[in-house]
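K.L.:
Provided herewith is a single structure, encoded as structure tokens, for subsequent inquiry.
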Amino acid sequence: MARFCSLFSSSSGNATYVGTATDGILIDAGVSAKRLKNALLQREIDPASIRAVFVTHEHSDHISGLRVFASSLHIPVYATRGTLVGLEEAGALSEKYPVFELPAGSDAAVGDMNVHAFATPHDSLESCGFTVTFGDERKLAVCTDIGHMTNEIMRNLLGCDLVMLESNHDVGMLENGPYPYFLKRRILSDRGHLSNAACADVAAQLVEHGTTRLFLGHLSAENNLPELAFQTSYCALCECGAVADRDYILKVNPRENNDDVVRF
């Protein structure tokens with residue numbers, strides 16, 4: 001049975017658990033190792049069952065706990081070549097754990113899971129998202145920190161049973177908010193973050209193609225509201241004729257203290 005839990009999801013720190021009854025992985029480790037282990041234990045997940053960490057990109061909110069966490073468990077870390085360069089520059093690599101390059105378009109097997117990396121547009125060295133396919137062919141995707149949707153991203157998301165998708169900001173809140181101009185332009189750029197409206201468009205397409213579980217993640221604390229992110233995608237899903245709790249389940253990931261593990 002597939003398992004999923006967004007442990008932390010915000011600009012302050014990101015980490016997602018994906019696993020089976022026996023093995024698990026983390027996608028990103030953006031909070032301290034202590035907080036990561038506590039979050040796992042609170043959900044009755046043994047940290048020793050984590051077999052690897054897959055890193056989407058080198059920004060601090062995705063890697064701040066990586067070195068200590070991976071070193072303490074002596075587990076491998078996977079990332080694209082560009083991200084590995086960024087990890088090296090950030091001092092996040094250690095001889096205490098193995099490191100493997102995982103180019104976009106390639107796969108890594110961990111237990112009964114196949115992890116596939118795909119390229120994403122973000123203002124980092126070489127960011128990526130991941131799909132995870134389980135032994136029973138169930139499939140999920142984790143896709144945040146994307147400036148805009150691409151054909152490659154859609155090819156990877158379509159057909160997933162569960163998708164965690166970025167719904168970072170409301171454009172109006174961002175444009176009229178306190179951020180300096182350069183930061184607003186960065187977030188709104190094609191290598192920034194996905195807005196609520198853009199996320200909603202993708203959500204509708206995914207449900208039309210069979211996705212049944214949608215999790216909205218990486219919400220900005222300053223430029224978004226959980227209720228606003230939810231309603232934007234919910235309205236788009238209503239417009240395409242999808243019915244909540246029949247055709248799909250839609251949830252917003254809290255910044256931390258997130259829900260229990262989803263089994264599907």
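Residues in the structure tokens are numbered from 1 in each chain, the chains being A, B, ... in the order shown, and ligands are numbered from 1 in the order shown.
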Listing only residues of stretch 138-179 of chain A within 10 Å of stretch 197-217 of chain A, what is the closest atom pair and its distance in Å (to one decimal) for each, using only C-alpha atoms, sorted by chain and residue number ascending, as JSON lines?

P.N.:
{"residue": "A:Lys139", "atom": "CA", "partner": "A:Thr211", "partner_atom": "CA", "distance": 9.7}
{"residue": "A:Leu140", "atom": "CA", "partner": "A:Thr211", "partner_atom": "CA", "distance": 9.2}
{"residue": "A:Ala141", "atom": "CA", "partner": "A:Leu214", "partner_atom": "CA", "distance": 9.9}
{"residue": "A:Val142", "atom": "CA", "partner": "A:Gly217", "partner_atom": "CA", "distance": 9.3}
{"residue": "A:Cys143", "atom": "CA", "partner": "A:Gly217", "partner_atom": "CA", "distance": 8.8}
{"residue": "A:Thr144", "atom": "CA", "partner": "A:Gly217", "partner_atom": "CA", "distance": 7.1}
{"residue": "A:Asp145", "atom": "CA", "partner": "A:Gly217", "partner_atom": "CA", "distance": 9.6}
{"residue": "A:Gly147", "atom": "CA", "partner": "A:Ala198", "partner_atom": "CA", "distance": 9.8}
{"residue": "A:His148", "atom": "CA", "partner": "A:Ala198", "partner_atom": "CA", "distance": 7.8}
{"residue": "A:Met149", "atom": "CA", "partner": "A:Ala198", "partner_atom": "CA", "distance": 8.1}
{"residue": "A:Met154", "atom": "CA", "partner": "A:Val202", "partner_atom": "CA", "distance": 8.3}
{"residue": "A:Leu157", "atom": "CA", "partner": "A:Leu206", "partner_atom": "CA", "distance": 7.3}
{"residue": "A:Leu158", "atom": "CA", "partner": "A:Leu206", "partner_atom": "CA", "distance": 5.9}
{"residue": "A:Gly159", "atom": "CA", "partner": "A:Gly210", "partner_atom": "CA", "distance": 6.1}
{"residue": "A:Cys160", "atom": "CA", "partner": "A:Thr211", "partner_atom": "CA", "distance": 5.7}
{"residue": "A:Asp161", "atom": "CA", "partner": "A:Thr211", "partner_atom": "CA", "distance": 4.6}
{"residue": "A:Leu162", "atom": "CA", "partner": "A:Arg213", "partner_atom": "CA", "distance": 4.6}
{"residue": "A:Val163", "atom": "CA", "partner": "A:Leu214", "partner_atom": "CA", "distance": 5.2}
{"residue": "A:Met164", "atom": "CA", "partner": "A:Phe215", "partner_atom": "CA", "distance": 4.5}
{"residue": "A:Leu165", "atom": "CA", "partner": "A:Leu216", "partner_atom": "CA", "distance": 5.2}
{"residue": "A:Glu166", "atom": "CA", "partner": "A:Gly217", "partner_atom": "CA", "distance": 4.8}
{"residue": "A:Ser167", "atom": "CA", "partner": "A:Cys199", "partner_atom": "CA", "distance": 5.6}
{"residue": "A:Asn168", "atom": "CA", "partner": "A:Gly217", "partner_atom": "CA", "distance": 7.1}
{"residue": "A:His169", "atom": "CA", "partner": "A:Ala197", "partner_atom": "CA", "distance": 8.8}
{"residue": "A:Asp170", "atom": "CA", "partner": "A:Ala197", "partner_atom": "CA", "distance": 7.5}
{"residue": "A:Val171", "atom": "CA", "partner": "A:Ala197", "partner_atom": "CA", "distance": 8.3}

K.L.:
Per residue of stretch 153-176 of chain A within 10 Å of stretch 180-186 of chain A, what are the shortest atom pair and its distance in Å to one decimal, counting only C-alpha atoms, with rows by chain and residue number, as a tab-separated table?

P.N.:
residue	atom	partner	partner_atom	distance
A:Val171	CA	A:Lys184	CA	9.5
A:Leu174	CA	A:Lys184	CA	6.7
A:Glu175	CA	A:Lys184	CA	6.8
A:Asn176	CA	A:Lys184	CA	9.6

K.L.:
Could you take the residues named above and write them with C-alpha atoms, as a JSON list (two decimals), in the first residue's frame?

P.N.:
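The resulting file, selection_20.json, is shown below:
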[["chain", "number", "residue", "atom", "x", "y", "z"],
["A", 171, "VAL", "CA", -1.27, 37.24, -7.70],
["A", 174, "LEU", "CA", 1.55, 39.45, -4.05],
["A", 175, "GLU", "CA", 1.33, 42.52, -6.30],
["A", 176, "ASN", "CA", -0.24, 44.62, -3.53]]

K.L.:
Could you please write out, as a PyMOL selection string, every residue of stretch 93-234 of chain A that DSSP assigns to strand (DSSP E or B)?

P.N.:
chain A and resi 99-101+107-110+113-119+128-134+139-143+162-166+169+195+213-217

K.L.:
For each of A:Asn253, A:Asn196, A:Thr83, A:Asn156, take the minimum atom-to-atom distance to A:His57, counting only C-alpha atoms, then give the residue where this is smallest.

P.N.:
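When distances to A:His57 are compared using only C-alpha atoms, the smallest one comes from A:Thr83.
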
K.L.:
Run DSSP on the backbone and grab whatever in stretch 156-263 of chain A lands in helix (DSSP H, G or I); send it over as a ChimeraX atom specification.

P.N.:
/A:156-157,171-175,181-188,196-208,226-239

K.L.:
With C-alpha atoms kept, could you save the residues just selected as a PDB file, in the first residue's frame?

P.N.:
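Output file selection_17.pdb is given in full below:
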ATOM      1  CA  ASN A 156       4.754  13.248 -15.678  1.00  0.00           C
ATOM      2  CA  LEU A 157       1.758  14.373 -13.639  1.00  0.00           C
ATOM      3  CA  VAL A 171      -1.273  37.236  -7.698  1.00  0.00           C
ATOM      4  CA  GLY A 172      -3.312  40.148  -6.310  1.00  0.00           C
ATOM      5  CA  MET A 173      -2.020  39.654  -2.781  1.00  0.00           C
ATOM      6  CA  LEU A 174       1.550  39.450  -4.049  1.00  0.00           C
ATOM      7  CA  GLU A 175       1.326  42.521  -6.296  1.00  0.00           C
ATOM      8  CA  TYR A 181       9.650  44.932  -6.430  1.00  0.00           C
ATOM      9  CA  PHE A 182      12.561  42.669  -7.383  1.00  0.00           C
ATOM     10  CA  LEU A 183      11.206  39.834  -5.226  1.00  0.00           C
ATOM     11  CA  LYS A 184       7.713  40.189  -6.662  1.00  0.00           C
ATOM     12  CA  ARG A 185       9.150  39.952 -10.177  1.00  0.00           C
ATOM     13  CA  ARG A 186      11.180  36.899  -9.209  1.00  0.00           C
ATOM     14  CA  ILE A 187       8.158  35.057  -7.811  1.00  0.00           C
ATOM     15  CA  LEU A 188       5.981  35.987 -10.807  1.00  0.00           C
ATOM     16  CA  ASN A 196      -3.219  29.722  -7.196  1.00  0.00           C
ATOM     17  CA  ALA A 197      -4.840  30.343 -10.582  1.00  0.00           C
ATOM     18  CA  ALA A 198      -2.175  28.456 -12.516  1.00  0.00           C
ATOM     19  CA  CYS A 199      -2.356  25.605 -10.037  1.00  0.00           C
ATOM     20  CA  ALA A 200      -6.144  25.468 -10.396  1.00  0.00           C
ATOM     21  CA  ASP A 201      -5.899  25.106 -14.179  1.00  0.00           C
ATOM     22  CA  VAL A 202      -3.559  22.146 -13.779  1.00  0.00           C
ATOM     23  CA  ALA A 203      -5.690  20.597 -11.041  1.00  0.00           C
ATOM     24  CA  ALA A 204      -8.703  20.510 -13.337  1.00  0.00           C
ATOM     25  CA  GLN A 205      -6.711  18.792 -16.083  1.00  0.00           C
ATOM     26  CA  LEU A 206      -5.347  16.212 -13.663  1.00  0.00           C
ATOM     27  CA  VAL A 207      -8.749  15.246 -12.280  1.00  0.00           C
ATOM     28  CA  GLU A 208     -10.127  14.990 -15.803  1.00  0.00           C
ATOM     29  CA  PRO A 226      -5.136  28.350   2.759  1.00  0.00           C
ATOM     30  CA  GLU A 227      -8.821  29.086   2.161  1.00  0.00           C
ATOM     31  CA  LEU A 228      -8.025  31.116  -0.945  1.00  0.00           C
ATOM     32  CA  ALA A 229      -5.769  28.434  -2.414  1.00  0.00           C
ATOM     33  CA  PHE A 230      -8.432  25.806  -1.743  1.00  0.00           C
ATOM     34  CA  GLN A 231     -11.300  27.824  -3.210  1.00  0.00           C
ATOM     35  CA  THR A 232      -9.373  28.719  -6.362  1.00  0.00           C
ATOM     36  CA  SER A 233      -8.740  25.074  -7.230  1.00  0.00           C
ATOM     37  CA  TYR A 234     -12.147  23.972  -5.974  1.00  0.00           C
ATOM     38  CA  CYS A 235     -13.927  26.428  -8.279  1.00  0.00           C
ATOM     39  CA  ALA A 236     -11.882  25.264 -11.259  1.00  0.00           C
ATOM     40  CA  LEU A 237     -12.776  21.676 -10.483  1.00  0.00           C
ATOM     41  CA  CYS A 238     -16.461  22.551 -10.176  1.00  0.00           C
ATOM     42  CA  GLU A 239     -16.345  24.296 -13.546  1.00  0.00           C
TER      43      GLU A 239
END

K.L.:
Skipping near chain neighbours, those fewer than 5 positions away, what residues fall within 9 Å of A:Arg51 using only C-alpha atoms, listed as a list of chain:residue names?

P.N.:
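Once the nearby chain positions are removed, what remains is A:Asp23, A:Gly24, A:Ile25, A:Leu26, A:Leu73, A:His74, A:Ile75, A:Pro76, A:Val110, A:Gly111.
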
K.L.:
Determine, counting only C-alpha atoms, which protein, DNA and RNA residues have an atom within 9 Å of an atom of A:Val262; residues of the same chain fewer than 3 positions away are not included. Present the result as a PyMOL selection string.

P.N.:
chain A and resi 2-5+259

K.L.:
Using N, CA and C atoms, can you export the residues from the last selection as a PDB file, in the first residue's frame?

P.N.:
ATOM      1  N   ALA A   2       0.565   2.199  -0.868  1.00  0.00           N
ATOM      2  CA  ALA A   2       1.329   3.439  -0.973  1.00  0.00           C
ATOM      3  C   ALA A   2       1.025   4.350   0.201  1.00  0.00           C
ATOM      4  N   ARG A   3       2.041   5.112   0.640  1.00  0.00           N
ATOM      5  CA  ARG A   3       1.887   6.024   1.762  1.00  0.00           C
ATOM      6  C   ARG A   3       2.487   7.371   1.395  1.00  0.00           C
ATOM      7  N   PHE A   4       1.828   8.427   1.868  1.00  0.00           N
ATOM      8  CA  PHE A   4       2.256   9.791   1.547  1.00  0.00           C
ATOM      9  C   PHE A   4       1.945  10.711   2.719  1.00  0.00           C
ATOM     10  N   CYS A   5       2.881  11.630   2.994  1.00  0.00           N
ATOM     11  CA  CYS A   5       2.612  12.668   3.980  1.00  0.00           C
ATOM     12  C   CYS A   5       3.532  13.850   3.728  1.00  0.00           C
ATOM     13  N   ASP A 259      -1.195  16.639   8.288  1.00  0.00           N
ATOM     14  CA  ASP A 259      -2.074  15.509   8.550  1.00  0.00           C
ATOM     15  C   ASP A 259      -1.287  14.204   8.675  1.00  0.00           C
TER      16      ASP A 259
END
